[in-house]
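S.K.: Please find one structure pasted underneath; my questions will follow.
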Amino acid sequence: MGKANWLRSLASGIPIGISFVTSVCYIAKVNGVSMQPILNPDSATCDYVLLNRWAVRDFHVQRGDIVALVSPRNPDACLIKRIIGLEGDVIKPKSQSQSYVEVPKGFCWIEGENHSQSMDSNFFGPIPLGLITAKATHIVWPLSRACRLMFQNNKLSCKNETF
Amino acid sequence: MIRKFLAKGFGVGFCIVQYGCIAHCFVEHIAEMVICSGPSMEPTIYSDDIIISEHITTKFSKYERGDVVILRSPSNPKMFLCKRIIGIPGDKIKINSIQHSIVPRGHIWLEGDNKNNSTDSRSYGPVPQGLVRGRALCRIWPLNSIQMLT
């Protein structure tokens, strides 16, 4: 195989790769402490999660799902949070100053696991579903914690099973 | 014979996937055609006009007052809207004769050109920039009114 041939197959692979990453799934590094203890339990190391874009192509999400979204405050930043409430739900925000909030149509209420150190809906209110880009389904790195992220009986668990 | 046939089938399949992905990348990241419907942007854009929207400037979050943008509706993520940017973060927007609103960080204030018949930021407030999909570049249909929109 000559050099030109090799280059040609590389060039043909790039659009396939980009399409895959923008519409099927990709792996991302989780920074910060807002999702402790589920993600990044040990602040020294960073977890890598598999973000499934295909699962949220119709914006069907459920309470308890961990999702990646574009920050409403900074369009260049990506947040990873858990969905607490969907449209029509009445939520009592954690901050004391606010009374009950009803989540409007097409919006959702998201919170981090680590309430004291999380920039979430308690701070900026309900967010439009259109900001959600992907759903986190697995932890892939470090290998010792590789597992599938499950939500059962009102509790988020990490199931150690092959995926 | 069968092996030859299979190899050819595989080759054709790969070609379809490859060109499909190139087209997908172009539509997702560079530019696409949009058919507009509804009266909210009259007299700039009429119903059933076809416009070209580009995704490059919005990737770098460069928003300017006066740009026409295509964005996901805040109340229905499957619907797209076409509005004009009136305010960028920090701008003071006059809601009525007494009240003012300041556009928060990472948001934009949008209004339709047809002020009397448009559901826009005056009813749902500032919109996060993350919902913006593209910026309208030019109109290509109907043919007798081809023009730049920037």
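Residue names in the structure tokens use chain letters A, B, ... in the order shown, residue numbers from 1 in each chain, and ligand numbers from 1 in the order shown.
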Chain B residues within 9 Å of chain A, counting only C-alpha atoms: which ones, as a compact mmCIF listing (two decimals) with N, CA and C atoms, in the first residue's frame?

M.R.:
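selection_16.txt, freshly written:
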```
# COMPACT_ATOMS: atom_id res chain seq x y z
N VAL B 17 -21.98 4.96 2.65
CA VAL B 17 -21.74 5.41 4.03
C VAL B 17 -20.80 6.61 4.03
N GLN B 18 -19.72 6.50 3.22
CA GLN B 18 -18.72 7.56 3.19
C GLN B 18 -19.31 8.88 2.71
N TYR B 19 -20.05 8.85 1.58
CA TYR B 19 -20.63 10.09 1.07
C TYR B 19 -21.75 10.59 1.98
N GLY B 20 -22.48 9.65 2.59
CA GLY B 20 -23.52 10.04 3.56
C GLY B 20 -22.89 10.80 4.72
N CYS B 21 -21.75 10.32 5.21
CA CYS B 21 -21.08 10.98 6.33
C CYS B 21 -20.53 12.34 5.93
N ILE B 22 -20.00 12.44 4.69
CA ILE B 22 -19.50 13.74 4.23
C ILE B 22 -20.66 14.74 4.20
N ALA B 23 -21.80 14.30 3.65
CA ALA B 23 -22.97 15.18 3.57
C ALA B 23 -23.44 15.56 4.97
N HIS B 24 -23.46 14.58 5.89
CA HIS B 24 -23.89 14.83 7.27
C HIS B 24 -22.99 15.86 7.94
N CYS B 25 -21.67 15.70 7.78
CA CYS B 25 -20.72 16.65 8.36
C CYS B 25 -20.95 18.04 7.82
N GLU B 28 -24.17 19.44 9.31
CA GLU B 28 -24.08 19.68 10.76
C GLU B 28 -23.14 20.81 11.11
N LYS B 59 -20.33 28.56 16.04
CA LYS B 59 -19.44 27.66 16.79
C LYS B 59 -18.48 28.45 17.66
N PHE B 60 -18.10 29.64 17.17
CA PHE B 60 -17.17 30.47 17.95
C PHE B 60 -17.89 31.47 18.85
N SER B 61 -19.21 31.31 18.96
CA SER B 61 -20.04 32.18 19.82
C SER B 61 -19.86 33.66 19.52
N ARG B 72 -33.15 26.35 18.33
CA ARG B 72 -34.17 25.46 18.86
C ARG B 72 -35.09 26.26 19.76
N SER B 73 -36.39 26.01 19.63
CA SER B 73 -37.34 26.70 20.50
C SER B 73 -37.09 26.31 21.95
N PRO B 74 -37.07 27.27 22.88
CA PRO B 74 -36.84 26.89 24.28
C PRO B 74 -37.97 26.01 24.84
N SER B 75 -39.18 26.17 24.30
CA SER B 75 -40.29 25.40 24.88
C SER B 75 -40.53 24.07 24.15
N ASN B 76 -39.94 23.89 22.96
CA ASN B 76 -40.10 22.63 22.25
C ASN B 76 -38.81 22.34 21.49
N PRO B 77 -37.96 21.44 22.03
CA PRO B 77 -36.63 21.23 21.44
C PRO B 77 -36.65 20.70 20.02
N LYS B 78 -37.81 20.18 19.54
CA LYS B 78 -37.84 19.64 18.18
C LYS B 78 -38.20 20.69 17.15
N PRO B 104 -28.54 38.38 30.51
CA PRO B 104 -27.49 37.74 31.32
C PRO B 104 -26.40 37.12 30.47
N ARG B 105 -25.32 36.74 31.14
CA ARG B 105 -24.17 36.10 30.47
C ARG B 105 -24.60 34.85 29.73
N GLY B 106 -24.08 34.63 28.54
CA GLY B 106 -24.38 33.41 27.79
C GLY B 106 -25.75 33.37 27.15
N HIS B 107 -26.47 34.48 27.21
CA HIS B 107 -27.82 34.52 26.63
C HIS B 107 -27.87 35.56 25.50
N VAL B 127 -32.65 33.99 25.80
CA VAL B 127 -32.50 32.58 25.40
C VAL B 127 -31.03 32.18 25.52
N PRO B 128 -30.71 30.98 26.08
CA PRO B 128 -29.30 30.57 26.15
C PRO B 128 -28.70 30.43 24.76
N GLN B 129 -27.45 30.87 24.60
CA GLN B 129 -26.79 30.79 23.30
C GLN B 129 -26.60 29.36 22.83
N GLY B 130 -26.60 28.42 23.77
CA GLY B 130 -26.43 27.01 23.40
C GLY B 130 -27.54 26.48 22.51
N LEU B 131 -28.68 27.17 22.45
CA LEU B 131 -29.79 26.70 21.61
C LEU B 131 -29.64 27.12 20.16
```

S.K.: So that I can check the secondary structure, give me every residue of chain A assigned helix (DSSP H, G or I) by backbone DSSP, as a ChimeraX atom specification.

M.R.: /A:3-23,54-56,115-117,121-124,129-131,143-145

S.K.: Find the residues around B:Ser123 up to 12 Å (only C-alpha atoms counted), leave out those fewer than 5 positions away in its own chain, and share them as a list in words.

M.R.: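 Neighbouring residues, sequence-local ones excluded: Pro74, Ser75, Ile95, Trp109, Leu110, Glu111, Gly112, Lys115, Asn117 and Ser118 of chain B.
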
S.K.: With a distance cut-off of 10 Å and only C-alpha atoms, select the neighbouring residues of A:Arg63, excluding the residue or stretch itself and same-chain residues fewer than 3 positions from it, and output the selection as a compact mmCIF listing (two decimals) with N, CA and C atoms, in the first residue's frame.

M.R.:
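Below is the file around-v8.txt, written as the result:
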```
# COMPACT_ATOMS: atom_id res chain seq x y z
N ILE A 66 -28.30 10.69 33.89
CA ILE A 66 -27.17 11.63 33.93
C ILE A 66 -26.96 12.12 32.50
N ARG A 82 -27.53 15.51 36.77
CA ARG A 82 -28.61 14.52 36.81
C ARG A 82 -29.95 15.22 36.65
N ILE A 83 -30.87 14.59 35.92
CA ILE A 83 -32.21 15.17 35.74
C ILE A 83 -33.06 14.86 36.96
N ILE A 84 -33.59 15.91 37.57
CA ILE A 84 -34.40 15.76 38.77
C ILE A 84 -35.88 15.88 38.43
N GLY A 85 -36.22 16.85 37.59
CA GLY A 85 -37.62 17.05 37.27
C GLY A 85 -37.84 17.35 35.80
N LEU A 86 -38.99 16.91 35.29
CA LEU A 86 -39.37 17.19 33.91
C LEU A 86 -40.54 18.17 33.90
N CYS A 108 -36.39 21.27 31.87
CA CYS A 108 -36.16 20.26 32.90
C CYS A 108 -35.34 20.87 34.03
N TRP A 109 -35.33 20.18 35.16
CA TRP A 109 -34.61 20.64 36.34
C TRP A 109 -33.42 19.72 36.56
N ILE A 110 -32.22 20.27 36.57
CA ILE A 110 -31.03 19.43 36.72
C ILE A 110 -30.26 19.81 37.98
N PHE A 151 -30.19 3.66 37.08
CA PHE A 151 -31.02 4.37 38.04
C PHE A 151 -32.18 3.46 38.42
N ASN A 154 -35.07 4.80 42.92
CA ASN A 154 -34.71 6.14 43.38
C ASN A 154 -33.26 6.29 43.78
```

S.K.: Name the residues of stretch 9-150 of chain B that fall into strand (DSSP E) according to DSSP on the backbone, using the chain letters and numbers of this document, as a ChimeraX atom specification.

M.R.: /B:31-35,50-54,68-72,80-87,92-94,100-102,107-111,127-128,132-141,147-148

S.K.: Quick one: distance from atom CA of B:Gly87 to atom CA of B:Thr44 in Å, one decimal?

M.R.: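 Taking atom CA of B:Gly87 as the start and atom CA of B:Thr44 as the end point, the length is 18.6 Å.
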